[in-house]
Amino acid sequence: MKIAIGNDHAGTEYKLAIVGMLKSKGIEVNNYGTDGTDSVDYPDFAHPVASDVEKGIVDLGIVVCGSGNGANMTTNKHQFVRSALCWNKEITALARAHNDANILSLPARFIALPQALEMVNTFINTKFEGGRHERRVEKIPCK
């Protein structure tokens, strides 16, 4: 499995912990985020993550910013991207199982780090159920 990850200054601590966890599982990571806490603009890291997902370079993406909203809005501008802003593992599981989400957006200022790691684990281990959900997912893109 290969995952792209990006973060702004609010998500650095979370990104570093997530990358460590993913690598410990043998997952390859494309890191587009900042490693510092100086202010940066979330679209600068969200677009490369979404591009990797859109082009099939990676299997999944993860973005982390303060509220999760800006990064989520940015990634969802890309064709074939279904980014989900999640705040607990149950929403994360449903986003994958029912919506075939391929990017997880995390709100670093509103969830604890252990919770974020649990959500990432849920995200990478939950499969899309297909069936009736597939019909709905096919209706998401603008044509």
# chains A, B, ... in the order shown; residues from 1 in each chain; ligands from 1
>>> residues_around(residues="A:Arg135", least_positions_apart="6", cutoff="12 Å", atoms="only C-alpha atoms", output="list in words")
His98, Asn99, Asp100, Glu129 and Pro141 of chain A
>>> residues_around(residues="A:Ala71", least_positions_apart="3", cutoff="8 Å", atoms="only C-alpha atoms", output="ChimeraX atom specification")
/A:42-43,46,63-65,68,74-75,105
>>> residues_around(residues="A:Gln115", least_positions_apart="6", cutoff="12 Å", atoms="only C-alpha atoms", output="PyMOL selection string")
chain A and resi 14+17-18+86-90+92+106-109+121-122
>>> residues_around(residues="A:Ile62", least_positions_apart="5", cutoff="9 Å", atoms="only C-alpha atoms", output="number ranges by chain")
A: 3-7, 15, 46, 49, 83, 102-106, 120
>>> residues_around(residues="A:Gly20", least_positions_apart="4", cutoff="12 Å", atoms="only C-alpha atoms", output="short mmCIF file (atom, residue, chain, number, x, y, z; two decimals) with all heavy atoms, in the first residue's frame")
data_model
loop_
_atom_site.label_atom_id
_atom_site.label_comp_id
_atom_site.auth_asym_id
_atom_site.auth_seq_id
_atom_site.Cartn_x
_atom_site.Cartn_y
_atom_site.Cartn_z
N ILE A 5 0.49 11.90 2.14
CA ILE A 5 0.07 12.66 3.32
C ILE A 5 0.55 14.09 3.21
O ILE A 5 1.62 14.36 2.65
CB ILE A 5 0.58 11.99 4.62
CG1 ILE A 5 -0.08 12.62 5.85
CG2 ILE A 5 2.10 12.02 4.70
CD1 ILE A 5 0.11 11.83 7.14
N GLU A 13 2.67 17.68 14.22
CA GLU A 13 2.84 16.62 15.22
C GLU A 13 2.06 15.37 14.81
O GLU A 13 2.55 14.24 14.90
CB GLU A 13 2.36 17.11 16.59
CG GLU A 13 2.44 16.05 17.67
CD GLU A 13 1.82 16.48 18.99
OE1 GLU A 13 1.27 17.60 19.08
OE2 GLU A 13 1.87 15.67 19.94
N TYR A 14 0.84 15.56 14.33
CA TYR A 14 -0.01 14.45 13.93
C TYR A 14 0.58 13.75 12.71
O TYR A 14 0.63 12.52 12.65
CB TYR A 14 -1.42 14.94 13.64
CG TYR A 14 -2.21 15.28 14.88
CD1 TYR A 14 -1.75 16.22 15.79
CD2 TYR A 14 -3.41 14.67 15.14
CE1 TYR A 14 -2.46 16.53 16.93
CE2 TYR A 14 -4.15 14.97 16.27
CZ TYR A 14 -3.67 15.90 17.17
OH TYR A 14 -4.37 16.19 18.29
N LYS A 15 1.01 14.54 11.74
CA LYS A 15 1.59 13.95 10.52
C LYS A 15 2.80 13.09 10.85
O LYS A 15 2.93 11.97 10.36
CB LYS A 15 1.97 15.04 9.53
CG LYS A 15 2.45 14.55 8.16
CD LYS A 15 3.94 14.31 8.03
CE LYS A 15 4.80 15.47 8.40
NZ LYS A 15 5.24 16.33 7.35
N LEU A 16 3.69 13.61 11.68
CA LEU A 16 4.90 12.86 12.03
C LEU A 16 4.55 11.53 12.70
O LEU A 16 5.14 10.50 12.39
CB LEU A 16 5.81 13.70 12.91
CG LEU A 16 6.43 14.94 12.23
CD1 LEU A 16 7.15 15.81 13.26
CD2 LEU A 16 7.35 14.55 11.09
N SER A 24 5.84 1.82 10.07
CA SER A 24 6.01 0.63 10.91
C SER A 24 5.17 -0.54 10.40
O SER A 24 5.45 -1.69 10.72
CB SER A 24 5.66 0.94 12.38
OG SER A 24 4.26 1.01 12.56
N LYS A 25 4.15 -0.24 9.61
CA LYS A 25 3.30 -1.27 9.00
C LYS A 25 3.77 -1.63 7.60
O LYS A 25 3.10 -2.36 6.88
CB LYS A 25 1.85 -0.77 8.94
CG LYS A 25 1.19 -0.56 10.30
CD LYS A 25 -0.21 0.02 10.13
CE LYS A 25 -0.88 0.27 11.44
NZ LYS A 25 -1.28 -0.94 12.14
N GLY A 26 4.90 -1.07 7.18
CA GLY A 26 5.44 -1.36 5.86
C GLY A 26 4.76 -0.59 4.73
O GLY A 26 4.88 -0.96 3.56
N ILE A 27 4.07 0.49 5.07
CA ILE A 27 3.36 1.29 4.07
C ILE A 27 4.28 2.40 3.57
O ILE A 27 4.90 3.11 4.37
CB ILE A 27 2.06 1.87 4.66
CG1 ILE A 27 1.11 0.73 5.03
CG2 ILE A 27 1.40 2.86 3.70
CD1 ILE A 27 -0.12 1.15 5.82
N GLU A 28 4.37 2.53 2.26
CA GLU A 28 5.17 3.59 1.65
C GLU A 28 4.40 4.91 1.74
O GLU A 28 3.19 4.94 1.52
CB GLU A 28 5.45 3.22 0.19
CG GLU A 28 6.45 4.12 -0.48
CD GLU A 28 6.74 3.68 -1.90
OE1 GLU A 28 6.47 2.52 -2.25
OE2 GLU A 28 7.23 4.53 -2.67
N VAL A 29 5.11 6.00 2.04
CA VAL A 29 4.45 7.29 2.25
C VAL A 29 5.09 8.37 1.39
O VAL A 29 6.31 8.53 1.39
CB VAL A 29 4.54 7.71 3.74
CG1 VAL A 29 3.90 9.08 3.95
CG2 VAL A 29 3.89 6.67 4.64
N ASN A 31 5.30 12.17 1.40
CA ASN A 31 5.09 13.22 2.40
C ASN A 31 5.17 14.60 1.73
O ASN A 31 6.23 15.03 1.30
CB ASN A 31 6.14 13.10 3.50
CG ASN A 31 6.00 14.17 4.56
OD1 ASN A 31 5.12 15.02 4.52
ND2 ASN A 31 6.90 14.13 5.52
N LEU A 117 -4.63 8.52 15.29
CA LEU A 117 -3.95 7.29 14.87
C LEU A 117 -4.95 6.14 14.71
O LEU A 117 -4.85 5.35 13.78
CB LEU A 117 -2.86 6.92 15.88
CG LEU A 117 -1.68 7.90 15.96
CD1 LEU A 117 -0.78 7.54 17.12
CD2 LEU A 117 -0.91 7.94 14.65
N VAL A 120 -6.79 6.70 11.44
CA VAL A 120 -5.97 6.32 10.29
C VAL A 120 -5.96 4.81 10.14
O VAL A 120 -6.11 4.28 9.03
CB VAL A 120 -4.54 6.89 10.41
CG1 VAL A 120 -3.62 6.28 9.36
CG2 VAL A 120 -4.56 8.41 10.28
#
>>> select_by_dssp(residues="chain A", states="helix (DSSP H, G or I)", output="PyMOL selection string")
chain A and resi 9-24+43-54+69-75+89-99+113-125+132-138
>>> closest_residue(among="A:Val81, A:Met21, A:Cys142, A:Ala116", to="A:Asp59", atoms="only C-alpha atoms")
A:Val81
